[in-house]
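Novice: What follows is entry.txt, compact mmCIF, C-alpha atoms (C1' of nucleotides).
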# COMPACT_ATOMS: atom_id res chain seq x y z
CA MET O 38 -15.40 29.98 -28.23
CA ALA O 39 -16.02 27.55 -25.43
CA ARG O 40 -15.97 27.48 -21.68
CA THR O 41 -16.09 30.96 -20.29
CA LEU O 42 -13.46 31.77 -17.70
CA GLY O 43 -14.48 30.58 -14.32
CA SER O 44 -16.38 27.37 -14.55
CA HIS O 45 -14.53 26.20 -11.50
CA ALA O 46 -12.24 29.19 -11.34
CA LYS O 47 -14.84 31.44 -9.75
CA HIS O 48 -14.91 29.13 -6.79
CA THR O 49 -11.28 28.08 -6.87
CA LYS O 50 -9.54 31.42 -6.57
CA PRO O 51 -11.39 32.62 -3.45
CA LYS O 52 -10.86 29.19 -1.98
CA ILE O 53 -7.12 29.44 -2.53
CA SER O 54 -7.09 32.92 -1.03
CA ALA O 55 -8.96 31.84 2.06
CA ILE O 56 -6.73 28.84 2.61
CA ALA O 57 -3.57 30.86 2.08
CA LEU O 58 -4.82 33.49 4.52
CA ASN O 59 -5.31 30.87 7.15
CA LEU O 60 -1.96 29.22 6.63
CA PHE O 61 0.01 32.44 6.39
CA SER O 62 -1.55 33.64 9.59
CA GLU O 63 -0.92 30.39 11.40
CA LEU O 64 2.57 29.52 10.20
CA GLY O 65 3.95 32.61 8.53
CA PHE O 66 4.36 33.36 4.85
CA ALA O 67 7.88 31.98 4.56
CA ALA O 68 6.95 28.76 6.33
CA VAL O 69 4.01 27.91 4.06
CA SER O 70 4.68 26.10 0.80
CA MET O 71 2.71 26.27 -2.41
CA ARG O 72 2.20 22.52 -2.13
CA GLN O 73 0.65 22.99 1.30
CA ILE O 74 -1.82 25.55 0.02
CA ALA O 75 -2.64 23.42 -3.02
CA ALA O 76 -3.20 20.30 -0.93
CA LYS O 77 -5.76 22.04 1.28
CA ALA O 78 -7.54 23.25 -1.85
CA GLY O 79 -7.56 19.75 -3.36
CA LEU O 80 -5.12 20.72 -6.09
CA GLN O 81 -1.58 20.16 -7.24
CA ALA O 82 0.88 22.99 -6.73
CA GLY O 83 1.06 23.81 -10.41
CA ALA O 84 -2.64 24.64 -10.58
CA LEU O 85 -2.16 27.62 -8.27
CA TYR O 86 -0.29 29.37 -11.06
CA ASN O 87 -3.50 29.63 -13.05
CA TYR O 88 -4.70 32.11 -10.45
CA PHE O 89 -1.58 33.80 -9.13
CA PRO O 90 1.65 34.54 -11.00
CA ASP O 91 3.71 33.63 -7.95
CA LYS O 92 3.56 33.02 -4.23
CA GLN O 93 4.08 36.62 -3.22
CA SER O 94 1.06 37.70 -5.26
CA ILE O 95 -1.22 35.63 -3.07
CA LEU O 96 0.03 37.54 -0.07
CA SER O 97 -0.06 40.97 -1.66
CA GLU O 98 -3.58 40.45 -2.95
CA LEU O 99 -4.72 39.45 0.52
CA LEU O 100 -3.15 42.53 2.05
CA MET O 101 -4.45 44.88 -0.62
CA ASN O 102 -7.98 43.54 -0.27
CA HIS O 103 -7.78 43.87 3.47
CA MET O 104 -6.64 47.49 3.46
CA GLU O 105 -9.00 48.54 0.68
CA ASN O 106 -11.90 46.85 2.35
CA LEU O 107 -11.07 48.57 5.62
CA LEU O 108 -11.09 52.01 4.00
CA GLU O 109 -14.23 51.31 1.97
CA THR O 110 -16.08 50.04 4.99
CA TRP O 111 -15.17 53.19 6.88
CA SER O 112 -16.33 55.35 3.99
CA ALA O 113 -19.69 53.62 4.03
CA GLN O 114 -20.32 54.57 7.66
CA VAL O 115 -22.67 57.34 8.67
CA LEU O 116 -20.55 59.44 10.99
CA PRO O 117 -21.60 61.57 13.94
CA ASP O 118 -20.56 65.22 13.77
CA GLU O 119 -19.53 65.90 17.31
CA PRO O 120 -15.78 65.11 17.80
CA ASN O 121 -16.20 63.19 21.07
CA GLU O 122 -18.87 61.01 19.52
CA LEU O 123 -16.82 60.61 16.34
CA LEU O 124 -13.76 59.49 18.27
CA LYS O 125 -15.83 56.95 20.15
CA PHE O 126 -17.32 55.81 16.87
CA PHE O 127 -13.84 55.31 15.46
CA VAL O 128 -12.77 53.19 18.41
CA ASP O 129 -15.89 51.06 18.14
CA PHE O 130 -15.43 50.70 14.41
CA HIS O 131 -11.78 49.77 14.65
CA ILE O 132 -12.33 47.16 17.33
CA ASP O 133 -15.30 45.61 15.55
CA TYR O 134 -13.59 45.48 12.19
CA HIS O 135 -10.30 44.12 13.45
CA LEU O 136 -11.57 41.60 15.97
CA ASN O 137 -13.69 40.10 13.21
CA ARG O 138 -10.69 39.64 10.90
CA PRO O 139 -7.89 38.35 13.11
CA ASP O 140 -6.03 36.58 10.32
CA GLU O 141 -5.97 39.55 7.97
CA VAL O 142 -4.88 41.86 10.76
CA PHE O 143 -2.15 39.49 11.80
CA ILE O 144 -0.54 39.10 8.40
CA ALA O 145 -1.03 42.79 7.65
CA TYR O 146 1.67 43.69 10.11
CA MET O 147 3.65 40.47 10.25
CA GLU O 148 4.30 39.81 6.60
CA LEU O 149 4.89 43.25 5.17
CA ARG O 150 8.54 42.49 4.61
CA ASN O 151 7.71 39.65 2.29
CA LEU O 152 6.23 42.08 -0.20
CA SER O 153 8.08 43.55 -3.14
CA GLU O 154 9.00 47.20 -2.75
CA ASP O 155 6.16 48.23 -5.03
CA ASN O 156 3.51 46.31 -3.18
CA PHE O 157 4.94 47.40 0.14
CA ARG O 158 4.59 51.05 -0.83
CA LYS O 159 1.00 50.54 -1.90
CA ILE O 160 0.08 48.98 1.41
CA GLU O 161 1.90 51.65 3.39
CA LYS O 162 0.00 54.29 1.48
CA LEU O 163 -3.33 52.76 2.43
CA ARG O 164 -2.21 52.40 6.00
CA GLY O 165 -1.29 56.06 6.00
CA LYS O 166 -4.79 56.90 4.80
CA TYR O 167 -6.28 55.03 7.71
CA GLU O 168 -4.06 56.81 10.20
CA LEU O 169 -5.12 60.10 8.62
CA ILE O 170 -8.73 59.36 9.46
CA LEU O 171 -7.85 59.35 13.13
CA SER O 172 -5.51 62.33 12.79
CA LYS O 173 -8.31 64.34 11.24
CA ILE O 174 -10.70 63.46 14.03
CA LEU O 175 -8.15 64.62 16.57
CA THR O 176 -7.36 67.77 14.61
CA ASP O 177 -11.03 68.77 14.49
CA GLY O 178 -11.46 68.06 18.17
CA VAL O 179 -8.41 70.13 19.04
CA LYS O 180 -9.71 73.02 16.91
CA GLU O 181 -12.96 73.01 18.85
CA ASP O 182 -11.03 72.90 22.13
CA LEU O 183 -12.59 69.54 22.99
CA PHE O 184 -9.35 67.59 22.76
CA PHE O 185 -5.86 68.44 23.76
CA CYS O 186 -2.73 66.71 22.59
CA LYS O 187 0.88 67.78 22.23
CA ASP O 188 1.38 66.10 18.88
CA ILE O 189 -1.48 64.86 16.76
CA LYS O 190 0.54 62.53 14.53
CA ILE O 191 2.20 60.77 17.44
CA THR O 192 -1.02 60.61 19.40
CA SER O 193 -2.75 58.98 16.44
CA LEU O 194 -0.04 56.36 16.19
CA ALA O 195 -0.13 55.77 19.92
CA ILE O 196 -3.89 55.23 19.88
CA ILE O 197 -3.77 52.92 16.89
CA GLY O 198 -0.94 50.99 18.52
CA MET O 199 -3.05 50.61 21.61
CA LEU O 200 -5.99 49.34 19.57
CA LYS O 201 -3.83 46.96 17.56
CA GLU O 202 -2.53 45.37 20.73
CA LEU O 203 -6.07 44.13 21.34
CA ASN O 204 -5.79 41.64 18.51
CA THR O 205 -2.79 39.97 20.10
CA TRP O 206 -4.58 38.84 23.21
CA TYR O 207 -8.35 39.17 22.91
CA LYS O 208 -10.30 35.93 22.91
CA LYS O 209 -14.03 35.98 22.21
CA ASP O 210 -14.75 33.52 24.99
CA GLY O 211 -12.51 35.27 27.47
CA ARG O 212 -13.04 37.16 30.68
CA VAL O 213 -14.57 40.26 29.11
CA SER O 214 -17.08 40.80 26.32
CA VAL O 215 -16.40 42.83 23.19
CA LEU O 216 -18.79 45.45 24.49
CA GLU O 217 -16.88 45.82 27.73
CA VAL O 218 -13.55 45.97 25.96
CA LYS O 219 -14.88 48.68 23.69
CA ASN O 220 -16.09 50.71 26.66
CA ILE O 221 -12.76 50.36 28.44
CA TYR O 222 -10.84 51.43 25.37
CA LYS O 223 -13.17 54.30 24.61
CA GLU O 224 -12.65 55.64 28.08
CA ILE O 225 -8.87 55.31 27.89
CA VAL O 226 -8.73 56.98 24.49
CA LEU O 227 -11.01 59.85 25.45
CA LYS O 228 -9.02 60.53 28.59
CA ALA O 229 -5.77 60.31 26.65
CA VAL O 230 -6.77 63.27 24.49
CA SER O 231 -8.51 65.26 27.22
CA MET J 235 44.47 18.20 28.53
CA ALA J 236 45.13 20.96 26.11
CA ARG J 237 43.44 24.01 24.80
CA THR J 238 40.85 25.17 27.25
CA LEU J 239 37.38 25.81 25.95
CA GLY J 240 37.12 29.19 24.35
CA SER J 241 40.32 30.08 22.66
CA HIS J 242 38.35 31.50 19.81
CA ALA J 243 34.97 30.45 21.09
CA LYS J 244 34.73 33.29 23.58
CA HIS J 245 34.69 35.69 20.68
CA THR J 246 32.92 33.50 18.17
CA LYS J 247 29.69 32.73 19.98
CA PRO J 248 28.74 36.35 20.73
CA LYS J 249 29.69 37.20 17.19
CA ILE J 250 27.33 34.57 15.83
CA SER J 251 24.57 35.80 18.13
CA ALA J 252 24.99 39.39 17.06
CA ILE J 253 25.01 38.50 13.37
CA ALA J 254 21.99 36.25 13.72
CA LEU J 255 20.12 38.96 15.60
CA ASN J 256 20.74 41.38 12.78
CA LEU J 257 19.73 38.98 10.04
CA PHE J 258 16.65 37.66 11.85
CA SER J 259 15.49 41.19 12.42
CA GLU J 260 16.12 42.27 8.86
CA LEU J 261 14.88 39.23 6.93
CA GLY J 262 12.94 37.11 9.38
CA PHE J 263 13.97 33.88 11.07
CA ALA J 264 12.59 31.58 8.40
CA ALA J 265 14.24 33.54 5.60
CA VAL J 266 17.75 33.40 7.08
CA SER J 267 19.90 30.35 6.43
CA MET J 268 22.62 28.90 8.60
CA ARG J 269 25.02 29.40 5.71
CA GLN J 270 24.15 33.09 5.62
CA ILE J 271 24.90 33.50 9.32
CA ALA J 272 28.11 31.51 9.02
CA ALA J 273 29.33 33.49 6.03
CA LYS J 274 28.96 36.79 7.86
CA ALA J 275 30.90 35.32 10.77
CA GLY J 276 33.66 34.07 8.47
CA LEU J 277 32.77 30.45 9.07
CA GLN J 278 31.29 27.43 7.37
CA ALA J 279 27.77 26.44 8.31
CA GLY J 280 28.91 23.35 10.17
CA ALA J 281 30.95 25.39 12.63
CA LEU J 282 27.81 26.99 14.03
CA TYR J 283 26.87 23.65 15.52
CA ASN J 284 29.80 23.93 17.91
CA TYR J 285 27.90 26.73 19.61
CA PHE J 286 24.22 25.99 19.06
CA PRO J 287 22.53 22.59 18.77
CA ASP J 288 20.23 23.88 16.03
CA LYS J 289 18.95 26.99 14.32
CA GLN J 290 16.05 27.54 16.64
CA SER J 291 18.36 27.64 19.65
CA ILE J 292 20.06 30.73 18.27
CA LEU J 293 16.70 32.46 18.21
CA SER J 294 15.51 31.24 21.58
CA GLU J 295 18.77 32.23 23.25
CA LEU J 296 18.46 35.71 21.78
CA LEU J 297 14.90 36.06 23.02
CA MET J 298 15.66 34.67 26.47
CA ASN J 299 18.62 37.00 26.91
CA HIS J 300 16.53 39.92 25.80
CA MET J 301 13.68 39.29 28.20
CA GLU J 302 15.93 38.39 31.12
CA ASN J 303 18.07 41.44 30.53
CA LEU J 304 14.97 43.62 30.42
CA LEU J 305 13.74 42.35 33.77
CA GLU J 306 17.17 42.51 35.37
CA THR J 307 17.73 46.04 34.17
CA TRP J 308 14.41 47.07 35.65
CA SER J 309 15.27 45.41 38.95
CA ALA J 310 18.49 47.39 39.11
CA GLN J 311 16.66 50.73 38.91
CA VAL J 312 16.12 52.93 41.93
CA LEU J 313 12.41 53.60 41.84
CA PRO J 314 10.48 56.63 43.06
CA ASP J 315 7.73 55.91 45.59
CA GLU J 316 4.96 58.18 44.41
CA PRO J 317 2.71 56.40 41.86
CA ASN J 318 2.58 59.28 39.37
CA GLU J 319 6.36 59.54 39.37
CA LEU J 320 6.72 55.79 39.20
CA LEU J 321 4.44 55.57 36.19
CA LYS J 322 6.41 58.28 34.42
CA PHE J 323 9.60 56.46 35.35
CA PHE J 324 8.25 53.28 33.80
CA VAL J 325 7.39 55.04 30.55
CA ASP J 326 10.83 56.62 30.37
CA PHE J 327 12.48 53.32 31.15
CA HIS J 328 10.50 51.39 28.60
CA ILE J 329 11.12 53.86 25.81
CA ASP J 330 14.83 54.12 26.56
CA TYR J 331 15.35 50.42 26.81
CA HIS J 332 13.37 49.49 23.73
CA LEU J 333 14.49 52.26 21.40
CA ASN J 334 18.08 51.26 22.12
CA ARG J 335 17.43 47.63 21.15
CA PRO J 336 15.29 47.76 18.02
CA ASP J 337 16.42 44.40 16.66
CA GLU J 338 15.75 42.50 19.87
CA VAL J 339 12.36 44.14 20.27
CA PHE J 340 11.43 43.38 16.71
CA ILE J 341 12.20 39.67 16.81
CA ALA J 342 10.73 39.38 20.29
CA TYR J 343 7.25 39.79 18.89
CA MET J 344 7.77 38.73 15.31
CA GLU J 345 9.44 35.39 15.74
CA LEU J 346 7.70 33.90 18.75
CA ARG J 347 5.97 31.33 16.61
CA ASN J 348 9.29 29.91 15.50
CA LEU J 349 10.01 28.76 19.02
CA SER J 350 9.32 25.31 20.37
CA GLU J 351 6.39 25.12 22.73
CA ASP J 352 8.75 24.94 25.70
CA ASN J 353 10.76 27.97 24.75
CA PHE J 354 7.61 29.84 23.84
CA ARG J 355 6.16 29.28 27.28
CA LYS J 356 9.35 30.50 28.94
CA ILE J 357 9.32 33.71 26.96
CA GLU J 358 5.62 34.28 27.58
CA LYS J 359 6.25 33.85 31.29
CA LEU J 360 8.91 36.55 31.28
CA ARG J 361 6.69 38.81 29.22
CA GLY J 362 3.93 38.31 31.76
CA LYS J 363 6.32 39.36 34.51
CA TYR J 364 7.04 42.58 32.69
CA GLU J 365 3.36 43.32 32.24
CA LEU J 366 2.88 42.67 35.95
CA ILE J 367 5.31 45.47 36.75
CA LEU J 368 3.02 47.93 35.07
CA SER J 369 -0.11 46.32 36.50
CA LYS J 370 1.30 46.70 39.98
CA ILE J 371 2.10 50.36 39.43
CA LEU J 372 -1.48 50.93 38.30
CA THR J 373 -2.91 48.91 41.16
CA ASP J 374 -1.01 50.97 43.74
CA GLY J 375 -2.04 54.19 42.07
CA VAL J 376 -5.67 53.16 42.06
CA LYS J 377 -5.48 52.21 45.74
CA GLU J 378 -4.22 55.66 46.58
CA ASP J 379 -6.98 57.22 44.48
CA LEU J 380 -4.42 58.79 42.16
CA PHE J 381 -5.32 56.69 39.15
CA PHE J 382 -8.60 55.48 37.84
CA CYS J 383 -9.11 52.70 35.37
CA LYS J 384 -11.97 50.34 34.67
CA ASP J 385 -9.74 47.29 34.23
CA ILE J 386 -6.12 47.24 35.30
CA LYS J 387 -5.08 44.22 33.24
CA ILE J 388 -6.51 45.60 30.01
CA THR J 389 -5.20 49.09 30.71
CA SER J 390 -1.71 47.66 31.23
CA LEU J 391 -1.87 45.85 27.92
CA ALA J 392 -3.19 48.94 26.18
CA ILE J 393 -0.38 51.10 27.54
CA ILE J 394 2.30 48.56 26.63
CA GLY J 395 0.78 48.24 23.17
CA MET J 396 0.94 51.97 22.78
CA LEU J 397 4.59 52.01 23.83
CA LYS J 398 5.49 49.10 21.58
CA GLU J 399 4.05 50.91 18.58
CA LEU J 400 6.84 53.44 19.03
CA ASN J 401 9.45 50.97 17.84
CA THR J 402 7.68 50.50 14.53
CA TRP J 403 8.07 54.07 13.39
CA TYR J 404 10.51 56.02 15.53
CA LYS J 405 13.71 57.16 13.81
CA LYS J 406 16.47 58.75 15.84
CA ASP J 407 17.08 61.40 13.22
CA GLY J 408 13.41 62.12 12.75
CA ARG J 409 11.14 65.06 13.41
CA VAL J 410 11.09 64.69 17.19
CA SER J 411 13.75 63.89 19.77
CA VAL J 412 13.59 60.97 22.18
CA LEU J 413 13.05 63.44 24.98
CA GLU J 414 10.04 64.96 23.27
CA VAL J 415 8.57 61.56 22.45
CA LYS J 416 8.94 60.52 26.05
CA ASN J 417 7.16 63.66 27.24
CA ILE J 418 4.32 63.16 24.79
CA TYR J 419 3.86 59.56 25.82
CA LYS J 420 4.09 60.32 29.51
CA GLU J 421 1.32 62.86 29.15
CA ILE J 422 -0.89 60.50 27.19
CA VAL J 423 -0.36 57.66 29.65
CA LEU J 424 -0.97 59.80 32.70
CA LYS J 425 -4.15 61.19 31.24
CA ALA J 426 -5.28 57.72 30.20
CA VAL J 427 -5.33 56.57 33.84
CA SER J 428 -6.63 59.82 35.33
C1' DG U 300 -21.19 14.29 -30.88
C1' DT U 301 -17.53 17.14 -32.13
C1' DT U 302 -14.71 20.94 -31.32
C1' DT U 303 -12.68 24.35 -28.54
C1' DT U 304 -10.97 26.05 -24.48
C1' DT U 305 -10.29 25.92 -19.56
C1' DT U 306 -8.46 23.58 -15.86
C1' DT U 307 -5.59 20.33 -13.78
C1' DT U 308 -2.11 16.85 -13.40
C1' DG U 309 2.29 14.98 -12.59
C1' DA U 310 6.79 15.01 -13.44
C1' DA U 311 10.75 17.53 -13.72
C1' DC U 312 14.05 21.69 -13.05
C1' DG U 313 17.77 23.75 -10.40
C1' DA U 314 18.38 25.64 -6.06
C1' DT U 315 18.63 25.80 -1.28
C1' DC U 316 17.60 24.11 3.18
C1' DG U 317 19.19 22.23 8.21
C1' DT U 318 22.15 19.05 9.79
C1' DT U 319 25.97 15.50 10.22
C1' DC U 320 30.62 14.01 10.36
C1' DA U 321 35.22 12.32 9.10
C1' DG U 322 39.17 14.65 8.52
C1' DT U 323 42.18 18.85 8.87
C1' DT U 324 44.07 22.74 11.21
C1' DA U 325 45.04 25.66 15.15
C1' DT U 326 45.98 26.18 19.77
C1' DT U 327 47.55 25.03 24.27
C1' DA U 328 49.12 21.94 28.22
C1' DA U 329 52.65 19.06 29.48
C1' DT A 28 58.59 18.98 21.05
C1' DT A 29 54.92 16.14 21.67
C1' DA A 30 50.38 14.90 22.83
C1' DA A 31 45.76 16.32 23.47
C1' DT A 32 41.88 18.73 22.31
C1' DA A 33 39.23 22.63 20.56
C1' DA A 34 37.79 24.76 16.32
C1' DC A 35 36.78 24.42 11.82
C1' DT A 36 36.40 22.74 6.96
C1' DG A 37 34.25 20.80 3.14
C1' DA A 38 31.62 17.53 1.33
C1' DA A 39 27.70 15.01 1.64
C1' DC A 40 22.75 13.61 3.20
C1' DG A 41 17.84 13.59 2.23
C1' DA A 42 14.32 16.78 1.96
C1' DT A 43 11.79 20.52 0.35
C1' DC A 44 11.37 24.73 -2.08
C1' DG A 45 9.04 27.89 -6.09
C1' DT A 46 8.21 27.40 -10.63
C1' DT A 47 7.56 25.50 -15.45
C1' DC A 48 5.30 22.84 -18.92
C1' DA A 49 3.77 19.16 -22.04
C1' DA A 50 0.10 16.22 -21.76
C1' DA A 51 -4.38 14.76 -19.99
C1' DA A 52 -8.89 15.59 -18.28
C1' DA A 53 -13.06 18.24 -17.78
C1' DA A 54 -16.42 21.40 -19.20
C1' DA A 55 -18.78 24.47 -22.29
C1' DA A 56 -19.95 25.95 -27.11
C1' DC A 57 -21.42 24.54 -31.42
Please, can you express the file's structure as structure tokens?
Specialist:
Amino acid sequence: MARTLGSHAKHTKPKISAIALNLFSELGFAAVSMRQIAAKAGLQAGALYNYFPDKQSILSELLMNHMENLLETWSAQVLPDEPNELLKFFVDFHIDYHLNRPDEVFIAYMELRNLSEDNFRKIEKLRGKYELILSKILTDGVKEDLFFCKDIKITSLAIIGMLKELNTWYKKDGRVSVLEVKNIYKEIVLKAVS
Amino acid sequence: MARTLGSHAKHTKPKISAIALNLFSELGFAAVSMRQIAAKAGLQAGALYNYFPDKQSILSELLMNHMENLLETWSAQVLPDEPNELLKFFVDFHIDYHLNRPDEVFIAYMELRNLSEDNFRKIEKLRGKYELILSKILTDGVKEDLFFCKDIKITSLAIIGMLKELNTWYKKDGRVSVLEVKNIYKEIVLKAVS
DNA sequence: GTTTTTTTTGAACGATCGTTCAGTTATTAA
DNA sequence: TTAATAACTGAACGATCGTTCAAAAAAAAC
């Protein structure tokens, strides 16, 4: 035997992923060519196929990693018990996580249709899990008579939609700081379920 | 002179627009070919160039019409004076208008990057006008001490984000009726600015 | 240094893309 | 009916696409 897998490969694959993420986010999956990705990685297009079976797999791996990482990061958090505090914690967490990964967030809801049906279902399942986190927080709060909402599922979606909107306009060097934005959103969310 | 402009054209151009709207929404602008659009319209690809100078113009015309129509339709409404009623009216209006035009709404925020810089700026300007409608409602409500929000601009964006989310999951034959959804959203929005 | 295996190249494949345009057909004014 | 023009065809243009693969280069194992 000679040359264990990953003499350059260990560096090359993450490099390809990072470059693809950037390009997909900037130009859109359909508008980015394999040659474009390869060029930025200092490779020829053919070399990409040592790391990914096809173009779509680059995208689906990015999306899977993003969603799995999101859920794992949440699981690693130490959560407050009290529903009001937990809801605020969720808002803070969501904003922090998403504002720090604008490219992943962007392609995660822009490029879903470029996935195969299988991969699409997998991603949707993970997304559903994330929405369930918020639903559960609301459910517990409603049980304890701390929150009130007509429909927990719809309220969850509405809140997540509100939070997602942030990524479409927030600029780190803008008028308001992340801290301020978080406080504004926490207040809106808390009032929305009061 | 013979044959005045639009013997068939009067029917053909709207037909092309409608077909393109459908395809763009379903497959994405970049993934739809001129030949595909032409085939569905019973034409050859070349014929499309009698009606649009290039592919991007089909998209930009769709988006411009959508945004202009949105603003015009709003202008034609008879508005209630009282801020609480006006805010509810806005929510109802937004949901009605957008749920009835899912394809337009979808491409309006999915395909912006496929516009030229000029066309992009025009659309963004119209979008800003729409956001200003809501901002003004909030501003008036705050002045009269009926609403409270830390930051009107951000609150407007958050509310519109929440409303936009609706289009990504709402199905007409789903669990809840449009009327119920509207009521749920109106309650959430009103509480969010209380 | 030789062998073995990984990694990459570079050319080629067939397909499809947006767009152009000379020529044909369909329609209408005169 | 004839002349004028609008509408459309059908072929062609050059370019680019995702993907494949034999051959070459690079790196590790012996």
Novice: If we count only C-alpha atoms (C1' of nucleotides), what is near region 310-320 of chain U at a cut-off of 8 Å, once residues fewer than 5 positions away on the same chain are taken out, given as a PyMOL selection string?
Specialist: (chain J and resi 267-268+289) or (chain A and resi 40+43-44+47)
Novice: Please list as a ChimeraX atom specification every residue within 10 Å of Asn87 (chain O), counting all atoms listed in the file and excluding residues in the same chain fewer than 4 positions away.
Specialist: /O:46,50,83,91 /U:306-307
Novice: Could those residues be written to a file, using C-alpha atoms (C1' of nucleotides), as a PDB file, in the frame of the given file?
Specialist:
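Output (again.pdb):
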ATOM      1  CA  ALA O  46     -12.240  29.190 -11.340  1.00  0.00           C
ATOM      2  CA  LYS O  50      -9.540  31.420  -6.570  1.00  0.00           C
ATOM      3  CA  GLY O  83       1.060  23.810 -10.410  1.00  0.00           C
ATOM      4  CA  ASP O  91       3.710  33.630  -7.950  1.00  0.00           C
TER       5      ASP O  91
ATOM      6  C1'  DT U 306      -8.460  23.580 -15.860  1.00  0.00           C
ATOM      7  C1'  DT U 307      -5.590  20.330 -13.780  1.00  0.00           C
TER       8       DT U 307
END
Novice: By how many Å are CA of Phe327 (chain J) and CA of Tyr146 (chain O) apart?
Specialist: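 Value for the CA of Phe327 (chain J)-CA of Tyr146 (chain O) distance: 25.5 Å.
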Novice: Select residues of chain A: the criterion is any atom within 9 Å of an atom of chain J, counting all atoms listed in the file; output as a list in words.
Specialist: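 Residues satisfying the distance criterion: DA30, DA31, DT32, DA33, DA34, DC35, DT36 and DG37 of chain A.
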Novice: Okay, now the selection with C-alpha atoms (C1' of nucleotides), as a CSV table (one decimal), keeping the file's coordinate frame?
Specialist:
chain,number,residue,atom,x,y,z
A,30,DA,C1',50.4,14.9,22.8
A,31,DA,C1',45.8,16.3,23.5
A,32,DT,C1',41.9,18.7,22.3
A,33,DA,C1',39.2,22.6,20.6
A,34,DA,C1',37.8,24.8,16.3
A,35,DC,C1',36.8,24.4,11.8
A,36,DT,C1',36.4,22.7,7.0
A,37,DG,C1',34.2,20.8,3.1
Novice: Any idea what's packed within 10 Å of region 200-209 of chain O, counting only C-alpha atoms (C1' of nucleotides), ignoring anything in its chain fewer than 3 positions away? Could you give it as a VMD selection string?
Specialist: (chain O and resid 128 131 to 132 135 to 140 142 to 143 146 194 to 197 212 to 215 218 to 219 222 226) or (chain J and resid 388 391 to 396 398 to 399)
Novice: Taking all atoms listed in the file into account, which of J:Ala426, J:Lys420, J:Arg269, J:Leu360 comes nearest chain U?
Specialist: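 For chain U, the nearest of the candidates is J:Arg269.
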Novice: Contacts from chain U to chain J, 7 Å maximum, all atoms listed in the file: show me the residue list as an MDAnalysis selection string.
Specialist: chainID U and resid 326:328
Novice: May I ask for the distance between CA of Ile174 (chain O) and CA of Asp188 (chain O), given in Å to one decimal place?
Specialist: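 Result for CA of Ile174 (chain O) versus CA of Asp188 (chain O): 13.3 Å, one decimal.
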Novice: May I ask which of the residues J:Ile357, J:Ala342, J:Pro317, J:Phe382 is the closest one to Lys370 (chain J), counting only C-alpha atoms?
Specialist: J:Pro317
Novice: Can you work out which one of O:Arg158, O:Glu109, O:Asp177, O:Asp118 has the shortest atom-to-atom distance to Tyr134 (chain O), counting all atoms listed in the file?
Specialist: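 Among the listed residues, O:Glu109 lies closest to Tyr134 (chain O).
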Novice: Just region 304-328 of chain U, please, as an mmCIF file, in the first residue's frame (only C-alpha atoms (C1' of nucleotides)).
Specialist:
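File written: selection-v1.cif
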data_model
loop_
_atom_site.group_PDB
_atom_site.id
_atom_site.type_symbol
_atom_site.label_atom_id
_atom_site.label_comp_id
_atom_site.auth_asym_id
_atom_site.auth_seq_id
_atom_site.Cartn_x
_atom_site.Cartn_y
_atom_site.Cartn_z
ATOM 1 C "C1'" DT U 304 -1.382 4.435 -5.246
ATOM 2 C "C1'" DT U 305 -3.450 8.941 -5.072
ATOM 3 C "C1'" DT U 306 -4.280 13.032 -7.343
ATOM 4 C "C1'" DT U 307 -4.565 15.841 -11.232
ATOM 5 C "C1'" DT U 308 -4.476 17.104 -16.002
ATOM 6 C "C1'" DG U 309 -6.236 18.070 -20.423
ATOM 7 C "C1'" DA U 310 -8.788 16.791 -24.001
ATOM 8 C "C1'" DA U 311 -12.928 15.165 -25.537
ATOM 9 C "C1'" DC U 312 -18.116 13.887 -25.402
ATOM 10 C "C1'" DG U 313 -22.818 15.155 -26.580
ATOM 11 C "C1'" DA U 314 -26.042 18.396 -25.193
ATOM 12 C "C1'" DT U 315 -28.001 22.715 -24.529
ATOM 13 C "C1'" DC U 316 -27.755 27.567 -24.074
ATOM 14 C "C1'" DG U 317 -29.217 32.736 -25.663
ATOM 15 C "C1'" DT U 318 -29.435 35.049 -29.665
ATOM 16 C "C1'" DT U 319 -29.530 36.350 -34.724
ATOM 17 C "C1'" DC U 320 -31.466 36.528 -39.205
ATOM 18 C "C1'" DA U 321 -32.742 35.494 -43.995
ATOM 19 C "C1'" DG U 322 -36.633 33.665 -45.685
ATOM 20 C "C1'" DT U 323 -41.565 32.105 -45.351
ATOM 21 C "C1'" DT U 324 -46.274 32.614 -44.034
ATOM 22 C "C1'" DA U 325 -50.303 35.058 -42.354
ATOM 23 C "C1'" DT U 326 -52.879 39.025 -42.024
ATOM 24 C "C1'" DT U 327 -54.657 43.430 -43.237
ATOM 25 C "C1'" DA U 328 -54.896 48.048 -45.725
#
